[in-house]
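K.L.:
Got a structure for you, protein-v9.txt, holding compact mmCIF, C-alpha atoms and all ligand atoms.
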```txt
# COMPACT_ATOMS: atom_id res chain seq x y z
CA MET A 1 0.00 0.00 0.00
CA SER A 2 1.41 3.42 -0.94
CA ASP A 3 1.67 6.21 1.61
CA VAL A 4 -1.16 8.13 -0.03
CA GLU A 5 -3.35 5.05 0.08
CA LYS A 6 -2.57 4.68 3.77
CA LEU A 7 -3.52 8.32 4.36
CA TRP A 8 -6.77 7.79 2.48
CA GLU A 9 -7.59 4.75 4.57
CA LEU A 10 -6.64 6.55 7.78
CA GLN A 11 -8.96 9.37 6.75
CA ASN A 12 -11.82 6.94 6.20
CA VAL A 13 -11.25 5.22 9.52
CA LEU A 14 -11.14 8.56 11.35
CA SER A 15 -14.28 9.80 9.58
CA GLN A 16 -16.14 6.64 10.62
CA LEU A 17 -14.84 7.03 14.16
CA ALA A 18 -16.01 10.66 14.29
CA ASP A 19 -19.42 9.52 13.06
CA ARG A 20 -19.71 6.87 15.83
CA GLU A 21 -18.60 9.38 18.46
CA LYS A 22 -21.17 11.86 17.26
CA GLN A 23 -23.90 9.23 17.43
CA MET A 24 -22.86 8.33 20.97
CA SER A 25 -22.88 11.93 22.13
CA VAL A 26 -26.42 12.61 20.93
CA LYS A 27 -29.14 11.69 23.39
CA PRO A 28 -31.90 9.77 21.63
CA GLU A 29 -35.29 11.51 21.87
CA SER A 30 -36.65 8.58 23.92
CA PHE A 31 -34.11 9.35 26.62
CA ALA A 32 -33.94 13.14 26.14
CA ALA A 33 -37.64 13.57 27.00
CA ILE A 34 -37.45 11.70 30.30
CA ASP A 35 -34.07 13.30 31.01
CA ARG A 36 -35.62 16.78 30.74
CA GLU A 37 -38.52 15.76 32.98
CA TYR A 38 -36.16 14.25 35.54
CA GLN A 39 -33.78 17.21 35.59
CA SER A 40 -36.57 19.76 35.87
CA SER A 41 -38.20 17.78 38.68
CA ASN A 42 -34.89 17.75 40.54
CA GLU A 43 -34.47 21.48 40.03
CA GLU A 44 -38.02 22.14 41.19
CA MET A 45 -37.51 20.07 44.35
CA THR A 46 -34.29 21.91 45.11
CA ARG A 47 -36.07 25.22 44.59
CA LEU A 48 -38.95 24.23 46.90
CA GLN A 49 -36.52 22.97 49.52
CA GLN A 50 -34.64 26.28 49.43
CA GLN A 51 -37.90 28.21 49.68
CA LEU A 52 -38.85 26.14 52.72
CA GLU A 53 -35.50 26.82 54.37
CA GLN A 54 -35.87 30.54 53.68
CA LEU A 55 -39.35 30.55 55.23
CA GLY A 56 -38.02 28.64 58.26
CA LYS A 57 -35.26 31.19 58.72
CA GLU A 58 -37.74 34.05 58.49
CA ARG A 59 -40.03 32.23 60.95
CA ARG A 60 -37.24 31.92 63.53
CA ARG A 61 -36.42 35.60 63.16
CA VAL A 62 -40.07 36.63 63.65
CA ASP A 63 -40.50 34.24 66.60
CA GLY A 64 -37.49 35.80 68.27
CA GLU A 65 -38.79 39.31 67.76
CA LEU A 66 -42.23 38.28 68.95
CA ALA A 67 -40.79 36.88 72.20
CA ASP A 68 -38.89 40.17 72.74
CA GLN A 69 -42.00 42.23 72.14
CA GLN A 70 -44.09 40.11 74.48
CA GLU A 71 -41.43 40.59 77.15
CA THR A 72 -41.53 44.34 76.54
CA LEU A 73 -45.30 44.30 76.79
CA LYS A 74 -45.10 42.58 80.20
CA LYS A 75 -42.62 45.19 81.35
CA TYR A 76 -44.98 48.07 80.39
CA GLN A 77 -47.92 46.30 81.97
CA GLY A 78 -45.89 46.04 85.22
CA GLN A 79 -45.08 49.75 85.02
CA LEU A 80 -48.79 50.49 84.68
CA MET A 81 -49.29 49.12 88.20
CA GLN A 82 -46.74 51.50 89.62
CA VAL A 83 -47.76 54.83 87.97
CA LYS A 84 -48.00 57.76 90.32
CA ASN A 85 -50.05 60.16 88.25
CA GLN A 86 -52.30 60.55 85.24
CA GLN A 87 -49.40 61.62 83.01
CA GLN A 88 -47.36 58.48 83.75
CA TYR A 89 -50.47 56.37 83.28
CA ALA A 90 -51.10 57.86 79.83
CA ALA A 91 -47.46 57.41 78.83
CA ALA A 92 -47.45 53.71 79.89
CA TRP A 93 -50.68 53.11 77.99
CA LYS A 94 -49.21 54.66 74.87
CA GLU A 95 -46.25 52.27 75.02
CA ILE A 96 -48.52 49.29 75.68
CA ASP A 97 -50.71 50.21 72.74
CA ALA A 98 -47.75 50.55 70.34
CA THR A 99 -46.24 47.28 71.54
CA ARG A 100 -49.54 45.42 71.20
CA LYS A 101 -49.82 46.68 67.63
CA HIS A 102 -46.34 45.41 66.91
CA VAL A 103 -47.11 42.04 68.52
CA LYS A 104 -50.23 41.77 66.37
CA GLU A 105 -48.21 42.48 63.21
CA LEU A 106 -45.66 39.85 64.14
CA GLU A 107 -48.40 37.30 64.86
CA ASP A 108 -49.96 38.00 61.47
CA SER A 109 -46.57 37.55 59.88
CA VAL A 110 -46.19 34.16 61.62
CA LEU A 111 -49.59 33.07 60.29
CA LYS A 112 -48.71 34.18 56.79
CA ASN A 113 -45.41 32.33 57.05
CA MET A 114 -47.16 29.15 58.23
CA THR A 115 -49.66 29.27 55.36
CA GLU A 116 -46.87 29.74 52.82
CA SER A 117 -44.76 26.99 54.36
CA GLU A 118 -47.66 24.56 54.25
CA ALA A 119 -48.29 25.34 50.59
CA VAL A 120 -44.63 24.87 49.68
CA GLN A 121 -44.40 21.71 51.80
CA SER A 122 -47.40 20.18 50.07
CA GLN A 123 -45.91 20.96 46.65
CA LEU A 124 -42.69 19.33 47.77
CA ASP A 125 -44.54 16.28 49.15
CA GLU A 126 -46.36 15.92 45.86
CA ARG A 127 -43.07 16.02 43.95
CA ARG A 128 -41.52 13.51 46.31
CA ALA A 129 -44.45 11.13 45.99
CA GLY A 130 -43.94 10.91 42.23
CA TYR A 131 -40.17 10.91 42.43
CA ASP A 132 -39.48 7.19 42.81
CA GLU A 133 -41.62 6.37 39.80
CA LEU A 134 -39.94 9.13 37.76
CA LYS A 135 -36.49 7.99 38.90
CA SER A 136 -37.13 4.39 37.87
CA ARG A 137 -38.45 5.50 34.46
CA TYR A 138 -35.33 7.67 34.07
CA ASP A 139 -33.02 4.82 35.09
CA ALA A 140 -34.69 2.39 32.69
CA ALA A 141 -34.45 4.84 29.77
CA HIS A 142 -30.83 5.62 30.61
CA GLU A 143 -29.98 1.94 30.87
CA SER A 144 -31.58 1.13 27.53
CA TRP A 145 -29.79 4.06 25.84
CA GLN A 146 -26.43 2.96 27.27
CA HIS A 147 -27.16 -0.59 26.20
CA SER A 148 -27.83 0.56 22.64
CA LEU A 149 -24.42 2.27 22.67
CA GLY A 150 -22.67 -1.05 23.16
CA ASP A 151 -22.30 -1.78 19.44
CA LEU A 152 -21.13 1.77 18.72
CA ARG A 153 -18.55 1.46 21.50
CA THR A 154 -17.22 -1.80 20.11
CA GLU A 155 -17.04 -0.34 16.61
CA SER A 156 -15.27 2.77 17.92
CA GLU A 157 -12.68 0.66 19.71
CA GLN A 158 -12.02 -1.34 16.56
CA LEU A 159 -11.73 1.83 14.44
CA ARG A 160 -9.40 3.42 16.96
CA ALA A 161 -7.20 0.33 16.93
CA ARG A 162 -7.19 0.35 13.13
CA ALA A 163 -6.23 4.05 13.05
CA THR A 164 -3.36 3.44 15.46
CA GLN A 165 -2.20 0.54 13.36
CA ILE A 166 -2.18 2.59 10.13
CA GLU A 167 -0.48 5.50 11.87
CA SER A 168 2.29 3.22 13.08
CA THR A 169 3.19 2.39 9.47
CA LEU A 170 3.38 6.06 8.35
CA PRO A 171 6.65 7.99 8.19
CA PRO A 172 6.50 10.52 11.08
CA ARG A 173 6.84 13.51 8.73
CA LEU A 174 3.82 12.37 6.73
CA LYS A 175 1.84 11.69 9.89
CA ASN A 176 2.58 15.26 11.05
CA GLN A 177 1.43 16.69 7.73
CA PHE A 178 -1.75 14.68 7.92
CA ASP A 179 -2.43 15.80 11.50
CA ARG A 180 -1.86 19.44 10.62
CA VAL A 181 -4.35 19.41 7.72
CA TYR A 182 -6.77 17.26 9.72
CA LYS A 183 -6.89 19.90 12.46
CA GLN A 184 -7.10 22.84 10.09
CA ARG A 185 -9.73 21.32 7.80
CA GLN A 186 -12.48 20.16 10.16
CA GLY A 187 -11.35 16.56 10.39
CA VAL A 188 -10.94 15.97 6.67
CA ALA A 189 -7.27 15.85 5.68
CA VAL A 190 -7.58 13.77 2.53
CA ALA A 191 -9.90 14.51 -0.39
CA ARG A 192 -10.69 12.06 -3.14
CA VAL A 193 -10.24 13.21 -6.73
CA ILE A 194 -13.55 13.20 -8.56
CA SER A 195 -13.52 13.92 -12.31
CA ASP A 196 -10.19 15.77 -12.14
CA SER A 197 -11.37 17.98 -9.29
CA CYS A 198 -10.96 18.02 -5.53
CA GLY A 199 -13.84 16.06 -3.98
CA SER A 200 -13.95 18.44 -1.02
CA CYS A 201 -13.78 21.92 -2.54
CA ARG A 202 -14.31 21.19 -6.27
CA THR A 203 -11.14 23.00 -7.29
CA ARG A 204 -9.94 21.73 -10.65
CA ILE A 205 -6.60 19.91 -10.54
CA ARG A 206 -4.02 21.17 -13.05
CA PRO A 207 -2.66 18.53 -15.49
CA ALA A 208 0.84 18.81 -14.02
CA LEU A 209 -0.50 17.92 -10.58
CA GLN A 210 -2.60 15.12 -12.07
CA GLN A 211 0.59 13.62 -13.48
CA MET A 212 2.18 13.78 -10.04
CA LEU A 213 -0.87 12.12 -8.54
CA LYS A 214 -0.67 9.30 -11.06
CA ARG A 215 2.95 8.80 -10.07
CA GLY A 216 1.81 8.43 -6.47
CA ASP A 217 3.36 11.69 -5.24
CA LEU A 218 1.94 13.61 -2.32
CA VAL A 219 -0.13 16.43 -3.85
CA TYR A 220 -2.07 19.13 -2.04
CA CYS A 221 -5.26 20.63 -3.44
CA GLU A 222 -4.61 24.20 -4.58
CA GLY A 223 -8.00 25.27 -3.28
CA CYS A 224 -8.38 23.75 0.19
CA HIS A 225 -4.82 22.45 0.75
CA ARG A 226 -6.05 18.97 1.59
CA ILE A 227 -4.01 15.96 0.56
CA LEU A 228 -5.42 14.59 -2.71
CA TYR A 229 -6.14 10.93 -3.25
CA LEU A 230 -6.57 9.49 -6.72
CA GLU A 231 -8.31 6.13 -6.79
CA PRO A 232 -6.23 3.49 -8.63
CA THR A 233 -9.13 2.59 -10.98
CA GLN A 234 -9.06 6.11 -12.38
CA SER A 235 -5.36 6.09 -13.31
ZN ZN B 1 -9.77 21.06 -2.33
```
Write the structure described by the file as structure tokens, please.
Ligand SMILES: [Zn+2]
P.N.:
Amino acid sequence: MSDVEKLWELQNVLSQLADREKQMSVKPESFAAIDREYQSSNEEMTRLQQQLEQLGKERRRVDGELADQQETLKKYQGQLMQVKNQQQYAAAWKEIDATRKHVKELEDSVLKNMTESEAVQSQLDERRAGYDELKSRYDAAHESWQHSLGDLRTESEQLRARATQIESTLPPRLKNQFDRVYKQRQGVAVARVISDSCGSCRTRIRPALQQMLKRGDLVYCEGCHRILYLEPTQS
């Protein structure tokens, strides 16, 4: 096998490998649908959990303030017993009134917090109730997708081994040239000649270059700079 033929075969093996890898990276719709449902359910549960924690934090803060205010209220009520004149009495009542109002506000806030927490908790419970069933559907779909990848994995391994084997027979300089074009030209380093033109970019190949190709020389396309491969049947 000539060097150019080896490069052509290497190109084919690598193209097939890229195709298998692409297929493996794409989630099939059968799995993608359940995957989306599963991920969004997880996100929603996390969100509800965080909301619940936030409400709990707020509840503890309000409870603390409420206890302080109730203490203050007791203090004013005690002072009321010890007033010496009408003026002191009025002043103590004013404080008691303001504190009671504040206590009432805090109590309302606790109630509101409890109602919200219950609503969030029931949403979370509902999610959790359906979670096991969703998780097992997700696992089954994932398992069957992974199973279907088995053949592609085997093929990929074989192609990779074949590529390594071809590469080992190439002169290092040629291998470097191939790699350079492969990287620069979106994974296609070698283009087949089709009716005297480059099969990749359609640039016409000058007769002088065609002669070189027929001799088996390494020729680059003048349009896309890929390595040209002329099939033996055409020579
Ligand atoms: Zn070209």
K.L.:
Would you please work out which residue, of A:Leu52, A:Leu80, A:Ile96, A:Ala140, is nearest to Met114 (chain A) when using only C-alpha atoms?
P.N.:
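So, comparing all the options, the nearest one is A:Leu52.
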K.L.:
If you count all atoms listed in the file, which residues end up within 8 Å of ligand ZN 1 (chain B), as a list in words?
P.N.:
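Selection of residues at most 8 Å from ligand ZN 1 (chain B): Ala191, Ser197, Cys198, Gly199, Ser200, Cys201, Arg202, Thr203, Tyr220, Cys221, Glu222, Gly223, Cys224, His225, Arg226 and Leu228 of chain A.
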K.L.:
Which of these residues is nearest to Lys74 (chain A), using all atoms listed in the file: A:Gln87, A:Ala208, A:Ala92, A:Arg59?
P.N.:
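Result for the nearest residue to Lys74 (chain A): A:Ala92.
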K.L.:
Between A:Trp93, A:Phe178, A:Tyr131, A:Tyr76, which is the closest to Met45 (chain A) once you count only C-alpha atoms?
P.N.:
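Nearest to Met45 (chain A): A:Tyr131.
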K.L.:
Go through A:Glu155, A:Asp63, A:Glu231, A:Asp125 and flag the residue nearest Ala18 (chain A), using only C-alpha atoms for the distances.
P.N.:
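Answer, going by the shortest atom-to-atom distance: A:Glu155.
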K.L.:
Reconstruct region 59-81 of chain A at the level of N, CA and C atoms, and format the result as a PDB file, in the coordinates of the input.
P.N.:
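out.pdb, written as the output of this step:
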```
ATOM      1  N   ARG A  59     -39.168  32.591  59.822  1.00  0.00           N
ATOM      2  CA  ARG A  59     -40.030  32.230  60.950  1.00  0.00           C
ATOM      3  C   ARG A  59     -39.264  32.341  62.274  1.00  0.00           C
ATOM      4  N   ARG A  60     -38.039  31.858  62.300  1.00  0.00           N
ATOM      5  CA  ARG A  60     -37.240  31.920  63.530  1.00  0.00           C
ATOM      6  C   ARG A  60     -36.940  33.373  63.925  1.00  0.00           C
ATOM      7  N   ARG A  61     -36.686  34.180  62.891  1.00  0.00           N
ATOM      8  CA  ARG A  61     -36.420  35.600  63.160  1.00  0.00           C
ATOM      9  C   ARG A  61     -37.653  36.266  63.784  1.00  0.00           C
ATOM     10  N   VAL A  62     -38.833  36.026  63.176  1.00  0.00           N
ATOM     11  CA  VAL A  62     -40.070  36.630  63.650  1.00  0.00           C
ATOM     12  C   VAL A  62     -40.420  36.124  65.049  1.00  0.00           C
ATOM     13  N   ASP A  63     -40.247  34.822  65.266  1.00  0.00           N
ATOM     14  CA  ASP A  63     -40.500  34.240  66.600  1.00  0.00           C
ATOM     15  C   ASP A  63     -39.661  34.912  67.668  1.00  0.00           C
ATOM     16  N   GLY A  64     -38.394  35.152  67.330  1.00  0.00           N
ATOM     17  CA  GLY A  64     -37.490  35.800  68.270  1.00  0.00           C
ATOM     18  C   GLY A  64     -37.957  37.207  68.598  1.00  0.00           C
ATOM     19  N   GLU A  65     -38.340  37.935  67.568  1.00  0.00           N
ATOM     20  CA  GLU A  65     -38.790  39.310  67.760  1.00  0.00           C
ATOM     21  C   GLU A  65     -40.105  39.342  68.556  1.00  0.00           C
ATOM     22  N   LEU A  66     -40.944  38.376  68.266  1.00  0.00           N
ATOM     23  CA  LEU A  66     -42.230  38.280  68.950  1.00  0.00           C
ATOM     24  C   LEU A  66     -42.008  38.050  70.458  1.00  0.00           C
ATOM     25  N   ALA A  67     -41.093  37.159  70.789  1.00  0.00           N
ATOM     26  CA  ALA A  67     -40.790  36.880  72.200  1.00  0.00           C
ATOM     27  C   ALA A  67     -40.277  38.158  72.883  1.00  0.00           C
ATOM     28  N   ASP A  68     -39.410  38.903  72.193  1.00  0.00           N
ATOM     29  CA  ASP A  68     -38.890  40.170  72.740  1.00  0.00           C
ATOM     30  C   ASP A  68     -40.030  41.153  73.004  1.00  0.00           C
ATOM     31  N   GLN A  69     -40.907  41.265  72.029  1.00  0.00           N
ATOM     32  CA  GLN A  69     -42.000  42.230  72.140  1.00  0.00           C
ATOM     33  C   GLN A  69     -42.977  41.856  73.262  1.00  0.00           C
ATOM     34  N   GLN A  70     -43.200  40.558  73.409  1.00  0.00           N
ATOM     35  CA  GLN A  70     -44.090  40.110  74.480  1.00  0.00           C
ATOM     36  C   GLN A  70     -43.475  40.394  75.852  1.00  0.00           C
ATOM     37  N   GLU A  71     -42.165  40.261  75.920  1.00  0.00           N
ATOM     38  CA  GLU A  71     -41.430  40.590  77.150  1.00  0.00           C
ATOM     39  C   GLU A  71     -41.582  42.082  77.452  1.00  0.00           C
ATOM     40  N   THR A  72     -41.386  42.891  76.409  1.00  0.00           N
ATOM     41  CA  THR A  72     -41.530  44.340  76.540  1.00  0.00           C
ATOM     42  C   THR A  72     -42.930  44.720  77.017  1.00  0.00           C
ATOM     43  N   LEU A  73     -43.915  44.036  76.434  1.00  0.00           N
ATOM     44  CA  LEU A  73     -45.300  44.300  76.790  1.00  0.00           C
ATOM     45  C   LEU A  73     -45.542  44.038  78.285  1.00  0.00           C
ATOM     46  N   LYS A  74     -44.977  42.913  78.772  1.00  0.00           N
ATOM     47  CA  LYS A  74     -45.100  42.580  80.200  1.00  0.00           C
ATOM     48  C   LYS A  74     -44.480  43.671  81.071  1.00  0.00           C
ATOM     49  N   LYS A  75     -43.330  44.155  80.603  1.00  0.00           N
ATOM     50  CA  LYS A  75     -42.620  45.190  81.350  1.00  0.00           C
ATOM     51  C   LYS A  75     -43.507  46.447  81.471  1.00  0.00           C
ATOM     52  N   TYR A  76     -44.110  46.878  80.375  1.00  0.00           N
ATOM     53  CA  TYR A  76     -44.980  48.070  80.390  1.00  0.00           C
ATOM     54  C   TYR A  76     -46.203  47.835  81.261  1.00  0.00           C
ATOM     55  N   GLN A  77     -46.741  46.605  81.166  1.00  0.00           N
ATOM     56  CA  GLN A  77     -47.920  46.300  81.970  1.00  0.00           C
ATOM     57  C   GLN A  77     -47.578  46.356  83.473  1.00  0.00           C
ATOM     58  N   GLY A  78     -46.372  45.941  83.831  1.00  0.00           N
ATOM     59  CA  GLY A  78     -45.890  46.040  85.220  1.00  0.00           C
ATOM     60  C   GLY A  78     -45.765  47.485  85.634  1.00  0.00           C
ATOM     61  N   GLN A  79     -45.247  48.314  84.719  1.00  0.00           N
ATOM     62  CA  GLN A  79     -45.080  49.750  85.020  1.00  0.00           C
ATOM     63  C   GLN A  79     -46.432  50.415  85.267  1.00  0.00           C
ATOM     64  N   LEU A  80     -47.441  49.915  84.563  1.00  0.00           N
ATOM     65  CA  LEU A  80     -48.790  50.490  84.680  1.00  0.00           C
ATOM     66  C   LEU A  80     -49.303  50.415  86.127  1.00  0.00           C
ATOM     67  N   MET A  81     -48.860  49.317  86.813  1.00  0.00           N
ATOM     68  CA  MET A  81     -49.290  49.120  88.200  1.00  0.00           C
ATOM     69  C   MET A  81     -48.640  50.135  89.151  1.00  0.00           C
TER      70      MET A  81
END
```
